Amino acid sequence: MSKKILLPVDLNNPKASLRPLEEALKLLDKDGELHVVSVMQKFGLAMVSGYFDEGFETKALDAFGKALTAWVNENVPDGVNVRPHVLSGTIYDEIIRAANRLSVDVIVMGSHRPEFQDYLLGPNAARVVRHAPQSVFVVRN
């Protein structure tokens, strides 16, 4: 059993996180903490962000946070000590950074069936597995 678990959620495909949530709840101590994170990717180049209105990123992060809170409220059972976190940046970097900052015991995350391009580029789950100092439980969807 684990005292602190980090569960990354892809808000672009929220149903894909339901199986990892089930597994995380099985691993979580009765008095443990479930940290649910979702990462909003940055625009990248500064010239790209220039095409958006001022304050767009703040509004987008606010909407992202509301969507994550709604996912948590709909899917995490009552009585679970759950804490949602909205992150911004590169997905795998932010997951690892959050896991370290929160001192979690394990990261439980979903992974889709690999396609050929994933073997060349490496999906986020594979990068987290390779670089996180914590144990990572990857749940196939």
# chains A, B, ... in the order shown; residues from 1 in each chain; ligands from 1

call {"tool": "select_by_dssp", "arguments": {"residues": "chain A", "states": "helix (DSSP H, G or I)", "output": "number ranges by chain"}}
result
A: 14-27, 46-49, 56-75, 91-102, 116-121, 124-131

call {"tool": "closest_atom_pairs", "arguments": {"of": "stretch 51-133 of chain A", "to": "stretch 32-39 of chain A", "cutoff": "12 Å", "atoms": "only C-alpha atoms", "output": "JSON lines"}}
result
{"residue": "A:Ala60", "atom": "CA", "partner": "A:Val39", "partner_atom": "CA", "distance": 11.7}
{"residue": "A:Leu61", "atom": "CA", "partner": "A:Val39", "partner_atom": "CA", "distance": 9.6}
{"residue": "A:Phe64", "atom": "CA", "partner": "A:Ser38", "partner_atom": "CA", "distance": 8.4}
{"residue": "A:Gly65", "atom": "CA", "partner": "A:Ser38", "partner_atom": "CA", "distance": 8.6}
{"residue": "A:Lys66", "atom": "CA", "partner": "A:Ser38", "partner_atom": "CA", "distance": 11.3}
{"residue": "A:Ala67", "atom": "CA", "partner": "A:Ser38", "partner_atom": "CA", "distance": 9.7}
{"residue": "A:Leu68", "atom": "CA", "partner": "A:Ser38", "partner_atom": "CA", "distance": 7.1}
{"residue": "A:Thr69", "atom": "CA", "partner": "A:Val36", "partner_atom": "CA", "distance": 9.4}
{"residue": "A:Ala70", "atom": "CA", "partner": "A:Val36", "partner_atom": "CA", "distance": 11.8}
{"residue": "A:Trp71", "atom": "CA", "partner": "A:Val36", "partner_atom": "CA", "distance": 9.8}
{"residue": "A:Val72", "atom": "CA", "partner": "A:Val36", "partner_atom": "CA", "distance": 7.8}
{"residue": "A:Asn73", "atom": "CA", "partner": "A:Val36", "partner_atom": "CA", "distance": 11.4}
{"residue": "A:Asn75", "atom": "CA", "partner": "A:Val36", "partner_atom": "CA", "distance": 11.2}
{"residue": "A:Val76", "atom": "CA", "partner": "A:Leu34", "partner_atom": "CA", "distance": 9.5}
{"residue": "A:Pro77", "atom": "CA", "partner": "A:Leu34", "partner_atom": "CA", "distance": 11.3}
{"residue": "A:Gly79", "atom": "CA", "partner": "A:Gly32", "partner_atom": "CA", "distance": 10.8}
{"residue": "A:Val80", "atom": "CA", "partner": "A:Leu34", "partner_atom": "CA", "distance": 7.5}
{"residue": "A:Asn81", "atom": "CA", "partner": "A:Glu33", "partner_atom": "CA", "distance": 5.1}
{"residue": "A:Val82", "atom": "CA", "partner": "A:Leu34", "partner_atom": "CA", "distance": 4.6}
{"residue": "A:Arg83", "atom": "CA", "partner": "A:His35", "partner_atom": "CA", "distance": 4.9}
{"residue": "A:Pro84", "atom": "CA", "partner": "A:Val36", "partner_atom": "CA", "distance": 4.7}
{"residue": "A:His85", "atom": "CA", "partner": "A:Val37", "partner_atom": "CA", "distance": 4.7}
{"residue": "A:Val86", "atom": "CA", "partner": "A:Ser38", "partner_atom": "CA", "distance": 5.3}
{"residue": "A:Leu87", "atom": "CA", "partner": "A:Val39", "partner_atom": "CA", "distance": 4.6}
{"residue": "A:Ser88", "atom": "CA", "partner": "A:Val39", "partner_atom": "CA", "distance": 5.3}
{"residue": "A:Gly89", "atom": "CA", "partner": "A:Val39", "partner_atom": "CA", "distance": 6.7}
{"residue": "A:Thr90", "atom": "CA", "partner": "A:Val39", "partner_atom": "CA", "distance": 7.5}
{"residue": "A:Ile91", "atom": "CA", "partner": "A:Val39", "partner_atom": "CA", "distance": 5.7}
{"residue": "A:Tyr92", "atom": "CA", "partner": "A:Val39", "partner_atom": "CA", "distance": 8.9}
{"residue": "A:Asp93", "atom": "CA", "partner": "A:Val39", "partner_atom": "CA", "distance": 9.7}
{"residue": "A:Glu94", "atom": "CA", "partner": "A:Val39", "partner_atom": "CA", "distance": 7.1}
{"residue": "A:Ile95", "atom": "CA", "partner": "A:Val37", "partner_atom": "CA", "distance": 7.6}
{"residue": "A:Ile96", "atom": "CA", "partner": "A:Val37", "partner_atom": "CA", "distance": 10.9}
{"residue": "A:Arg97", "atom": "CA", "partner": "A:Val37", "partner_atom": "CA", "distance": 11.2}
{"residue": "A:Ala98", "atom": "CA", "partner": "A:Val37", "partner_atom": "CA", "distance": 8.3}
{"residue": "A:Ala99", "atom": "CA", "partner": "A:His35", "partner_atom": "CA", "distance": 9.0}
{"residue": "A:Arg101", "atom": "CA", "partner": "A:His35", "partner_atom": "CA", "distance": 11.4}
{"residue": "A:Leu102", "atom": "CA", "partner": "A:His35", "partner_atom": "CA", "distance": 8.4}
{"residue": "A:Ser103", "atom": "CA", "partner": "A:His35", "partner_atom": "CA", "distance": 10.6}
{"residue": "A:Val104", "atom": "CA", "partner": "A:His35", "partner_atom": "CA", "distance": 8.5}
{"residue": "A:Asp105", "atom": "CA", "partner": "A:Glu33", "partner_atom": "CA", "distance": 10.2}
{"residue": "A:Val106", "atom": "CA", "partner": "A:Leu34", "partner_atom": "CA", "distance": 10.3}
{"residue": "A:Ile107", "atom": "CA", "partner": "A:His35", "partner_atom": "CA", "distance": 9.5}
{"residue": "A:Val108", "atom": "CA", "partner": "A:Val36", "partner_atom": "CA", "distance": 9.9}
{"residue": "A:Met109", "atom": "CA", "partner": "A:Val36", "partner_atom": "CA", "distance": 10.3}
{"residue": "A:Asn124", "atom": "CA", "partner": "A:Val39", "partner_atom": "CA", "distance": 11.5}

call {"tool": "residues_around", "arguments": {"residues": "A:Ala125", "least_positions_apart": "3", "cutoff": "9 Å", "atoms": "only C-alpha atoms", "output": "NGL selection string"}}
result
:A and (92 or 109-111 or 122 or 128-130 or 136 or 138)

call {"tool": "write_last_selection", "arguments": {"atoms": "N, CA and C atoms", "output": "compact mmCIF listing (two decimals), in the first residue's frame"}}
result
# COMPACT_ATOMS: atom_id res chain seq x y z
N TYR A 92 5.97 14.95 -19.57
CA TYR A 92 6.76 14.03 -18.75
C TYR A 92 7.63 14.77 -17.74
N MET A 109 0.00 5.62 -14.01
CA MET A 109 -0.44 6.32 -15.21
C MET A 109 -0.85 5.37 -16.30
N GLY A 110 -1.71 5.85 -17.17
CA GLY A 110 -2.17 5.06 -18.29
C GLY A 110 -1.24 5.18 -19.47
N SER A 111 -1.33 4.21 -20.35
CA SER A 111 -0.56 4.23 -21.60
C SER A 111 -1.39 3.54 -22.66
N GLY A 122 9.10 7.68 -28.35
CA GLY A 122 8.90 7.42 -26.93
C GLY A 122 7.73 8.21 -26.37
N VAL A 128 8.59 8.85 -18.46
CA VAL A 128 8.43 8.89 -17.00
C VAL A 128 9.04 7.64 -16.38
N VAL A 129 8.79 6.48 -16.98
CA VAL A 129 9.36 5.22 -16.47
C VAL A 129 10.88 5.29 -16.44
N ARG A 130 11.46 5.82 -17.52
CA ARG A 130 12.93 5.87 -17.61
C ARG A 130 13.57 6.85 -16.64
N VAL A 136 6.91 3.35 -11.03
CA VAL A 136 5.85 3.78 -11.95
C VAL A 136 5.05 2.55 -12.34
N VAL A 138 2.38 1.39 -14.85
CA VAL A 138 1.75 1.77 -16.13
C VAL A 138 0.59 0.82 -16.39

call {"tool": "atom_distance", "arguments": {"atom1": "atom CA of A:Phe137", "atom2": "atom CA of A:Met40"}}
result
22.1 Å

call {"tool": "residues_around", "arguments": {"residues": "A:Leu25", "least_positions_apart": "2", "cutoff": "9 Å", "atoms": "only C-alpha atoms", "output": "list in words"}}
result
Ile5, Pro20, Leu21, Glu22, Glu23, Leu27, Leu28, Asp29, Leu34, Val76 and Val80 of chain A

call {"tool": "atom_distance", "arguments": {"atom1": "atom CA of A:Val9", "atom2": "atom CA of A:Ala63"}}
result
15.1 Å

call {"tool": "atom_distance", "arguments": {"atom1": "atom CA of A:Ala126", "atom2": "atom CA of A:Pro14"}}
result
19.5 Å
